[in-house]
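A.B. asks: Please see the structure below; I have some questions.
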Amino acid sequence: MLTNSYLCTPKSINVNLLENIKYPEDLRRLSVDELPQVCQELREDIVQELSVNPGHLASSLGVAEITVALHYVYNTPEDRIVWDVGHQAYGHKILTGRREQFCTNRKLGGIRPFPSPLESEYDTFACGHASNSVSAALGMAVAAELEDKHDRHVVAVIGDGALSGGLAFEGLNNVSSSPNNLLIILNDNDMSIDRSVGGMQKYLLGLNTHRTYNAIKFKTTRWLHSKGLMNDDRKKGIQRLSNAIKSAIAHQQNIFDGMNIRYFGPFDGHNVKELVRILTAIKDMKGPKLLHLHTQKGHGYAPAEKDVTTWHAPGKFNPDTGERIVDEDPTKPQKYQDVFGHTLLELAKQNPKIVGVTPAMPSGCSMNIMMKEMPERTFDVGIAEGHAVTFSGGMAKDGLLPFCNIYSAFAQRAFDHIIHDVALLNLNVVFCFDRAGLVGEDGPTHHGAFDMAALRPVPNLTICSPMDEHELRRLMYTAQLPNKGPFVIRYPRGGGELQDWRCPFEEVKVGTGRKMKDGTDVAVLSIGPIGNNVTRAIAEIGDSMSVAHYDMRFLKPLDENILDEVGRKFKRIITVENGTRKGGLGSAVLEWMNDHGYSPKVQRLGLPDNFVEHGTVKELQHIVGIDEEGIIKAISQEPKANC
């Protein structure tokens with residue numbers, strides 16, 4: 001539900017057509033000749049709004065024509081459009097009843113950062129993580145058939161970057177073998193956030209079909225349908241002949257045709273009138289289909305066209321000049337990801353066995369720092385987290401030392417691979433989980449809430465989190481020492497604590513924490529950078545209470561010396577973690593105390609047993625009670641019982 005505290009400022013741009021489109025039925029009243037203007041106005045609307053309310057810009061600009069054409073041709077929301085990753089769906093939101101609220105996008109209480117059926121009936125499925133559209137859309141297409149909704153059309157929109165994900169291939173495999181009428185639109189812009197990589201990307205670059213062939217095929221197919229000559233048996237034979245002709249013309253085999261998915265394209269994804277014609281022509285064709293469209297990420301806004309990686313999510317900017325409004329405060333601490341990137345390069349120069357692995361996030365996780373100097377020792381494997389883990393395991397098995405950097409929320413997709421392909425064999429792989437804990441405006445699909453609780457039961461893993469940048473460097477150095485086994489280091493999105501983040505490397509004894517402050521009334525046990533909130537909270541409490549603070553540093557193995565000291569000395573313990581309360585540090589402390597005969601009152605602060613909404617990190621920490629105010633409240637109030 002949207003809050004009433006946001007008032008959207010009227011936009012000064014010329015939106016003669018867009019201002020009269022509240023829902024797709026309004027769009028369908030326009031003539032095809034008016035659609036290019038709608039696309040232009042849609043782009044201007046997105047640019048103006050995102051210049052003051054930052055979000056994912058370039059992706060949505062690149063699919064303006066696809067978005068307009070889909071809602072023009074298909075009867076949404078009865079027909080289903082399944083977006084793969086919501087980066088590209090801002091135009092979709094604007095055309096489906098949310099233009100007046102679009103200024104609240106990604107703000108606390110505002111519209112969600114990614115499409116969600118919990119917000120709108122036009123949002124058909126969750127789409128914060130890549131590569132799920134084909135599988136979800138196939139499920140909807142099969143459901144339509146089984147529920148006798150034969151007039152319902154289902155469309156999956158997937159990018160070439162997302163197509164590199166294993167789930168997309170699994171979906172395609174099932175599409176080819178299940179009776180369905182699914183349409184897959186391949187939005188091919190040669191990009192994910194960074195440049196797309198891998199064999200599929202190279203294949204798509206070379207995949208082409210002659211325009212004459214496409215024109216003949218459309219006309220022939222429509223004529224056969226009009227004469228009633230396209231029954232199932234004839235269709236299969238004609239399709240086999242069509243594929244053979246196409247291969248001869250294109251001088252290559254088509255993987256989609258080979259999977260019995262009818263392939264059309266590639267076409268210009270920025271010609272909206274042509275898109276309407278094509279979609280109308282193939283709309284009612286039976287069987288699975290793939291429409292291959294070439295687009296340009298950031299299309300229609302020159303600064304975004306020139307530097308698509310930066311303009312994927314550029315922050316605030318001047319919409320007229322394209323000048324980004326960047327905070328260049330020299331006193332501001334480095335981002336944890338940048339400390340990771342520089343430290344990894346330092347370590348790699350010292351240790352020739354170190355290699356870097358990232359699933360499509362070299363600039364997002366700052367592995368591009370090492371990639372620039374040591375390209376032969378860094379690997380961007382595309383949107384393929386499970387493969388990134390097992391690939392790292394294979395290298396570790398034969399003597400290398402991979403640092404595998406994955407965003408915490410995306411590492412969820414590699415859970416089995418971590419267990420089966422790394423932990424089981426006790427391989428020396430260092431997992432660096434960026435964006436751990438609350439990430440802010442990207443919301444519940446991106447919060448790194450579950451990594452500690454999910455991985456804590458797994459044998460052979462070491463799991464730790466640094467309280468500051470010096471600790472991050474020390475833990476990275478420790479992890480690359482011989483025979484450490486699989487080593488998980490988690491750290492949050494954004495800036496750290498220290499201006500002078502460089503420090504000498506020194507080993508941290510695995511399973512040891514630190515006493516940050518002595519006390520007698522209550523002990524606070526924290527893990528990771530959230531401990532800095534604890535430090536500030538205790539300082540604010542002052543002398544009114546005697547509060548001890550321990551930085552546990554390791555979730556697994558726990559520092560049993562600290563726990564024994566705390567169990568003997570304190571009747572009250574508060575645990576603080578930037579992760580789910582259930583199964584994390586607090587649960588581990590409760591288990592240890594019970595197993596060793598201690599019975600203090602333990603109050604656990606962390607993320608609740610529900611998905612936390614979107615907002616700034618500061619706002620969300622306040623809501624869940626792990627900001628300074630929440631920690632002070634917990635320390636100052638006697639808990640009712642173990643919780």
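Each chain in the structure tokens gets a letter, A, B and so on, in the order shown; residues start at 1 in every chain, and ligands are counted from 1 in the order they appear.
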What are the DSSP strand (DSSP E) residues of stretch 360-599 of chain A, as a PyMOL selection string?
C.D. replies: chain A and resi 378-380+401-407+430-434+462-464+487-490+514-517+522-526+547-551+554-556+572-580
A.B. asks: With a cut-off of 9 Å, could you pull out the residues of stretch 390-462 of chain A touching stretch 323-346 of chain A and give me the nearest pair of atoms for each, distance in Å to one decimal, using only C-alpha atoms, ordered by chain and ascending number, as a tab-separated table?
C.D. replies:
```
residue	atom	partner	partner_atom	distance
A:Phe403	CA	A:Leu344	CA	8.2
A:Cys432	CA	A:Phe340	CA	8.6
A:Asp434	CA	A:Gln337	CA	6.9
A:Arg435	CA	A:Gln337	CA	8.7
```
A.B. asks: Quick one: everything within 9 Å of A:Val624, counting only C-alpha atoms, minus sequence neighbours fewer than 5 positions away in the same chain. Send it as a list in words.
C.D. replies: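 The filter keeps Leu605, Gly606, Leu607, Pro608, Val612, Glu619 and Gly630 of chain A.
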A.B. asks: Mind dumping a table of every stretch 1-91 of chain A residue within 12 Å of stretch 436-453 of chain A, with the nearest atom pair and its distance in Å to one decimal, using only C-alpha atoms, sorted by chain and rising number, as a tab-separated table?
C.D. replies:
```
residue	atom	partner	partner_atom	distance
A:Asn53	CA	A:Glu441	CA	10.9
A:Pro54	CA	A:Glu441	CA	9.6
A:Gly55	CA	A:Glu441	CA	8.7
A:His56	CA	A:Asp442	CA	10.0
A:Val85	CA	A:Thr445	CA	10.4
A:Gly86	CA	A:Asp442	CA	10.2
A:His87	CA	A:Asp442	CA	10.2
```
A.B. asks: Please save N, CA, C and O atoms of the selected residues as a compact mmCIF listing (two decimals), in the first residue's frame.
C.D. replies:
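Output file result11.txt follows:
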```txt
# COMPACT_ATOMS: atom_id res chain seq x y z
N ASN A 53 14.93 10.75 -8.80
CA ASN A 53 14.63 9.57 -7.97
C ASN A 53 15.34 8.38 -8.60
O ASN A 53 14.78 7.67 -9.42
N PRO A 54 16.60 8.14 -8.23
CA PRO A 54 17.44 7.18 -8.96
C PRO A 54 16.86 5.77 -9.00
O PRO A 54 16.16 5.32 -8.09
N GLY A 55 17.18 5.09 -10.09
CA GLY A 55 16.77 3.71 -10.30
C GLY A 55 17.52 3.13 -11.47
O GLY A 55 18.59 3.61 -11.85
N HIS A 56 16.95 2.09 -12.07
CA HIS A 56 17.58 1.41 -13.20
C HIS A 56 17.09 2.05 -14.50
O HIS A 56 15.98 1.80 -14.95
N VAL A 85 13.68 -10.14 -14.79
CA VAL A 85 14.35 -9.05 -14.08
C VAL A 85 13.57 -7.75 -14.29
O VAL A 85 13.22 -7.41 -15.42
N GLY A 86 13.30 -7.06 -13.22
CA GLY A 86 12.49 -5.85 -13.30
C GLY A 86 13.24 -4.60 -13.69
O GLY A 86 12.65 -3.52 -13.72
N HIS A 87 14.54 -4.71 -13.99
CA HIS A 87 15.29 -3.53 -14.43
C HIS A 87 14.64 -2.88 -15.63
O HIS A 87 14.75 -1.67 -15.82
```
A.B. asks: Using only C-alpha atoms, which residue out of A:His549, A:Arg502, A:Phe256, A:Ile538 lies closest to A:Arg514?
C.D. replies: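 Checking each of A:His549, A:Arg502, A:Phe256, A:Ile538 against A:Arg514, counting only C-alpha atoms, the winner is A:His549.
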A.B. asks: List the spatial neighbours of A:Thr280 as a short mmCIF file (atom, residue, chain, number, x, y, z; two decimals) with all heavy atoms, in the first residue's frame - criterion: any atom at most 10 Å away, only C-alpha atoms, same-chain residues fewer than 6 positions off excluded.
C.D. replies:
```
data_model
loop_
_atom_site.label_atom_id
_atom_site.label_comp_id
_atom_site.auth_asym_id
_atom_site.auth_seq_id
_atom_site.Cartn_x
_atom_site.Cartn_y
_atom_site.Cartn_z
N ALA A 69 4.49 -2.11 -27.64
CA ALA A 69 3.93 -3.06 -28.61
C ALA A 69 3.22 -4.21 -27.90
O ALA A 69 2.14 -4.65 -28.33
CB ALA A 69 5.04 -3.60 -29.52
N LEU A 70 3.79 -4.72 -26.83
CA LEU A 70 3.17 -5.83 -26.11
C LEU A 70 1.82 -5.44 -25.54
O LEU A 70 0.83 -6.17 -25.68
CB LEU A 70 4.10 -6.32 -24.99
CG LEU A 70 5.29 -7.18 -25.42
CD1 LEU A 70 6.24 -7.41 -24.24
CD2 LEU A 70 4.81 -8.51 -25.97
N TYR A 72 -0.04 -3.10 -26.52
CA TYR A 72 -0.94 -2.71 -27.62
C TYR A 72 -1.56 -3.94 -28.27
O TYR A 72 -2.75 -3.95 -28.59
CB TYR A 72 -0.14 -1.91 -28.65
CG TYR A 72 -1.00 -1.25 -29.72
CD1 TYR A 72 -1.67 -0.06 -29.45
CD2 TYR A 72 -1.09 -1.79 -30.99
CE1 TYR A 72 -2.45 0.56 -30.43
CE2 TYR A 72 -1.86 -1.18 -31.98
CZ TYR A 72 -2.54 -0.01 -31.69
OH TYR A 72 -3.30 0.60 -32.66
N VAL A 73 -0.77 -4.98 -28.45
CA VAL A 73 -1.24 -6.17 -29.17
C VAL A 73 -1.97 -7.14 -28.25
O VAL A 73 -2.97 -7.75 -28.64
CB VAL A 73 -0.06 -6.88 -29.86
CG1 VAL A 73 -0.48 -8.21 -30.46
CG2 VAL A 73 0.54 -5.97 -30.94
N TYR A 74 -1.49 -7.27 -27.02
CA TYR A 74 -2.04 -8.28 -26.13
C TYR A 74 -3.05 -7.67 -25.15
O TYR A 74 -2.93 -6.49 -24.77
CB TYR A 74 -0.92 -8.99 -25.37
CG TYR A 74 -0.12 -9.89 -26.26
CD1 TYR A 74 1.04 -9.42 -26.88
CD2 TYR A 74 -0.52 -11.20 -26.51
CE1 TYR A 74 1.77 -10.24 -27.73
CE2 TYR A 74 0.20 -12.02 -27.36
CZ TYR A 74 1.34 -11.54 -27.96
OH TYR A 74 2.06 -12.35 -28.81
N GLU A 274 6.68 -1.94 -36.67
CA GLU A 274 7.04 -3.26 -37.18
C GLU A 274 6.81 -4.33 -36.11
O GLU A 274 6.35 -5.44 -36.40
CB GLU A 274 8.50 -3.26 -37.62
CG GLU A 274 9.03 -4.59 -38.13
CD GLU A 274 8.52 -4.95 -39.53
OE1 GLU A 274 7.67 -4.20 -40.07
OE2 GLU A 274 8.97 -5.98 -40.07
#
```
A.B. asks: Tell me which of A:His129, A:His292, A:Arg536, A:Arg493 sits closest to A:Ala162, counting only C-alpha atoms.
C.D. replies: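 Ranked by minimum distance to A:Ala162, first place goes to A:His129.
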A.B. asks: For a test of reading the model, state the distance in Å between atom CA of A:Arg377 and atom CA of A:Val355, rounded to one decimal.
C.D. replies: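 Taking atom CA of A:Arg377 and atom CA of A:Val355, their separation equals 5.0 Å.
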A.B. asks: Could you pull out the alpha helix (DSSP H) residues of stretch 379-433 of chain A from DSSP and send them as a PyMOL selection string?
C.D. replies: chain A and resi 385-397+408-411+415-418
A.B. asks: Keeping N, CA and C atoms, export the residues of the selection given above as an mmCIF file, in the first residue's frame.
C.D. replies:
```
data_model
loop_
_atom_site.group_PDB
_atom_site.id
_atom_site.type_symbol
_atom_site.label_atom_id
_atom_site.label_comp_id
_atom_site.auth_asym_id
_atom_site.auth_seq_id
_atom_site.Cartn_x
_atom_site.Cartn_y
_atom_site.Cartn_z
ATOM 1 N N GLU A 385 25.184 -18.357 -11.167
ATOM 2 C CA GLU A 385 25.783 -18.462 -9.838
ATOM 3 C C GLU A 385 26.161 -19.898 -9.492
ATOM 4 N N GLY A 386 25.303 -20.852 -9.809
ATOM 5 C CA GLY A 386 25.622 -22.246 -9.527
ATOM 6 C C GLY A 386 26.879 -22.684 -10.244
ATOM 7 N N HIS A 387 26.980 -22.319 -11.515
ATOM 8 C CA HIS A 387 28.188 -22.650 -12.276
ATOM 9 C C HIS A 387 29.408 -21.960 -11.683
ATOM 10 N N ALA A 388 29.262 -20.704 -11.255
ATOM 11 C CA ALA A 388 30.396 -19.982 -10.668
ATOM 12 C C ALA A 388 30.976 -20.755 -9.494
ATOM 13 N N VAL A 389 30.096 -21.319 -8.671
ATOM 14 C CA VAL A 389 30.552 -22.067 -7.496
ATOM 15 C C VAL A 389 31.236 -23.370 -7.909
ATOM 16 N N THR A 390 30.586 -24.148 -8.779
ATOM 17 C CA THR A 390 31.161 -25.439 -9.163
ATOM 18 C C THR A 390 32.426 -25.258 -9.994
ATOM 19 N N PHE A 391 32.453 -24.258 -10.850
ATOM 20 C CA PHE A 391 33.655 -23.896 -11.608
ATOM 21 C C PHE A 391 34.796 -23.577 -10.643
ATOM 22 N N SER A 392 34.487 -22.824 -9.588
ATOM 23 C CA SER A 392 35.497 -22.516 -8.565
ATOM 24 C C SER A 392 35.953 -23.792 -7.875
ATOM 25 N N GLY A 393 35.003 -24.680 -7.594
ATOM 26 C CA GLY A 393 35.365 -25.948 -6.974
ATOM 27 C C GLY A 393 36.303 -26.764 -7.838
ATOM 28 N N GLY A 394 36.049 -26.782 -9.135
ATOM 29 C CA GLY A 394 36.926 -27.517 -10.046
ATOM 30 C C GLY A 394 38.333 -26.964 -10.062
ATOM 31 N N MET A 395 38.449 -25.638 -10.068
ATOM 32 C CA MET A 395 39.786 -25.034 -10.036
ATOM 33 C C MET A 395 40.487 -25.328 -8.713
ATOM 34 N N ALA A 396 39.716 -25.254 -7.599
ATOM 35 C CA ALA A 396 40.312 -25.524 -6.297
ATOM 36 C C ALA A 396 40.768 -26.972 -6.187
ATOM 37 N N LYS A 397 40.013 -27.887 -6.794
ATOM 38 C CA LYS A 397 40.374 -29.301 -6.727
ATOM 39 C C LYS A 397 41.754 -29.543 -7.326
ATOM 40 N N SER A 408 24.976 -11.640 -1.964
ATOM 41 C CA SER A 408 24.390 -12.581 -1.015
ATOM 42 C C SER A 408 23.048 -13.130 -1.488
ATOM 43 N N ALA A 409 22.153 -12.251 -1.964
ATOM 44 C CA ALA A 409 20.827 -12.715 -2.394
ATOM 45 C C ALA A 409 20.927 -13.659 -3.584
ATOM 46 N N PHE A 410 21.902 -13.435 -4.470
ATOM 47 C CA PHE A 410 22.052 -14.302 -5.637
ATOM 48 C C PHE A 410 22.735 -15.619 -5.278
ATOM 49 N N ALA A 411 23.501 -15.617 -4.181
ATOM 50 C CA ALA A 411 24.148 -16.854 -3.751
ATOM 51 C C ALA A 411 23.123 -17.898 -3.325
ATOM 52 N N PHE A 415 23.017 -22.693 -3.551
ATOM 53 C CA PHE A 415 23.090 -23.363 -2.252
ATOM 54 C C PHE A 415 23.565 -24.807 -2.391
ATOM 55 N N ASP A 416 22.962 -25.573 -3.282
ATOM 56 C CA ASP A 416 23.355 -26.975 -3.440
ATOM 57 C C ASP A 416 24.793 -27.097 -3.925
ATOM 58 N N HIS A 417 25.207 -26.200 -4.800
ATOM 59 C CA HIS A 417 26.561 -26.259 -5.352
ATOM 60 C C HIS A 417 27.601 -26.007 -4.259
ATOM 61 N N ILE A 418 27.280 -25.083 -3.337
ATOM 62 C CA ILE A 418 28.201 -24.823 -2.226
ATOM 63 C C ILE A 418 28.370 -26.087 -1.381
#
```
A.B. asks: As a list of chain:residue names, please: the residues near stretch 31-45 of chain A (cut-off 9 Å, only C-alpha atoms, same-chain neighbours under 5 positions excluded).
C.D. replies: A:Lys11, A:Ile13, A:Asn14, A:Val15, A:Asn16, A:Leu17, A:Leu18, A:Leu50, A:Ser60, A:Leu61, A:Ala64, A:Glu65, A:Thr67, A:Val68, A:Ala69, A:Tyr72, A:Gly91, A:Ile94, A:Leu95, A:Asn271, A:Val272, A:Lys273, A:Val276, A:His299, A:Gly300, A:Tyr301
A.B. asks: Okay, now the selection with N, CA, C and O atoms, as a short mmCIF file (atom, residue, chain, number, x, y, z; two decimals), in the first residue's frame?
C.D. replies:
```
data_model
loop_
_atom_site.label_atom_id
_atom_site.label_comp_id
_atom_site.auth_asym_id
_atom_site.auth_seq_id
_atom_site.Cartn_x
_atom_site.Cartn_y
_atom_site.Cartn_z
N LYS A 11 5.37 16.96 -14.14
CA LYS A 11 6.54 17.01 -15.01
C LYS A 11 6.33 18.08 -16.08
O LYS A 11 5.23 18.31 -16.56
N ILE A 13 7.70 18.01 -19.08
CA ILE A 13 7.90 17.50 -20.44
C ILE A 13 6.58 17.43 -21.18
O ILE A 13 5.49 17.41 -20.59
N ASN A 14 6.67 17.36 -22.50
CA ASN A 14 5.48 17.31 -23.35
C ASN A 14 5.03 15.86 -23.50
O ASN A 14 5.67 15.05 -24.15
N VAL A 15 3.91 15.52 -22.84
CA VAL A 15 3.39 14.15 -22.88
C VAL A 15 1.92 14.19 -23.29
O VAL A 15 1.03 13.79 -22.55
N ASN A 16 1.69 14.66 -24.50
CA ASN A 16 0.31 14.82 -24.96
C ASN A 16 -0.45 13.51 -25.01
O ASN A 16 -1.65 13.46 -24.70
N LEU A 17 0.23 12.44 -25.41
CA LEU A 17 -0.44 11.15 -25.49
C LEU A 17 -0.35 10.39 -24.17
O LEU A 17 -1.34 9.81 -23.71
N LEU A 18 0.81 10.39 -23.54
CA LEU A 18 1.02 9.58 -22.35
C LEU A 18 0.13 10.01 -21.20
O LEU A 18 -0.32 9.17 -20.41
N LEU A 50 13.79 9.57 -13.16
CA LEU A 50 14.97 8.94 -12.58
C LEU A 50 16.11 9.93 -12.36
O LEU A 50 17.04 9.63 -11.62
N SER A 60 15.29 0.08 -18.98
CA SER A 60 13.92 0.44 -19.32
C SER A 60 13.85 1.28 -20.60
O SER A 60 12.90 1.17 -21.37
N LEU A 61 14.87 2.13 -20.82
CA LEU A 61 14.90 2.90 -22.06
C LEU A 61 15.02 1.96 -23.27
O LEU A 61 14.45 2.22 -24.33
N ALA A 64 11.48 0.30 -24.51
CA ALA A 64 10.27 1.13 -24.62
C ALA A 64 9.36 0.63 -25.73
O ALA A 64 8.13 0.49 -25.54
N GLU A 65 9.91 0.37 -26.90
CA GLU A 65 9.08 -0.08 -28.03
C GLU A 65 8.49 -1.47 -27.78
O GLU A 65 7.33 -1.73 -28.11
N THR A 67 7.78 -2.75 -24.88
CA THR A 67 6.74 -2.58 -23.86
C THR A 67 5.45 -2.06 -24.47
O THR A 67 4.36 -2.60 -24.22
N VAL A 68 5.55 -1.02 -25.27
CA VAL A 68 4.36 -0.44 -25.90
C VAL A 68 3.71 -1.43 -26.84
O VAL A 68 2.48 -1.61 -26.83
N ALA A 69 4.49 -2.11 -27.64
CA ALA A 69 3.93 -3.06 -28.61
C ALA A 69 3.22 -4.21 -27.90
O ALA A 69 2.14 -4.65 -28.33
N TYR A 72 -0.04 -3.10 -26.52
CA TYR A 72 -0.94 -2.71 -27.62
C TYR A 72 -1.56 -3.94 -28.27
O TYR A 72 -2.75 -3.95 -28.59
N GLY A 91 8.74 1.29 -17.87
CA GLY A 91 7.71 1.67 -18.84
C GLY A 91 6.45 0.86 -18.63
O GLY A 91 5.32 1.38 -18.74
N ILE A 94 4.51 2.38 -15.79
CA ILE A 94 3.87 3.65 -16.15
C ILE A 94 2.60 3.41 -16.96
O ILE A 94 1.60 4.11 -16.80
N LEU A 95 2.63 2.41 -17.83
CA LEU A 95 1.47 2.13 -18.69
C LEU A 95 0.38 1.32 -18.00
O LEU A 95 -0.69 1.12 -18.57
N ASN A 271 11.66 -0.49 -33.65
CA ASN A 271 10.66 -0.11 -34.65
C ASN A 271 9.31 -0.59 -34.14
O ASN A 271 8.90 -1.73 -34.39
N VAL A 272 8.60 0.27 -33.42
CA VAL A 272 7.40 -0.16 -32.73
C VAL A 272 6.29 -0.57 -33.70
O VAL A 272 5.54 -1.52 -33.43
N LYS A 273 6.19 0.10 -34.83
CA LYS A 273 5.15 -0.26 -35.79
C LYS A 273 5.41 -1.64 -36.39
O LYS A 273 4.50 -2.45 -36.57
N VAL A 276 4.54 -4.29 -33.76
CA VAL A 276 3.10 -4.54 -33.69
C VAL A 276 2.68 -5.48 -34.82
O VAL A 276 1.89 -6.42 -34.63
N HIS A 299 18.69 3.21 -25.16
CA HIS A 299 18.31 3.80 -26.44
C HIS A 299 17.45 5.06 -26.25
O HIS A 299 16.53 5.10 -25.44
N GLY A 300 17.79 6.09 -27.01
CA GLY A 300 17.02 7.32 -27.00
C GLY A 300 17.54 8.39 -26.06
O GLY A 300 17.02 9.51 -26.06
N TYR A 301 18.54 8.05 -25.25
CA TYR A 301 19.14 9.04 -24.36
C TYR A 301 20.65 8.92 -24.52
O TYR A 301 21.26 7.93 -24.09
#
```
A.B. asks: Between A:Phe505, A:Phe379, A:Phe267, A:Tyr90, single out the one closest to A:Leu347, counting only C-alpha atoms.
C.D. replies: A:Phe505
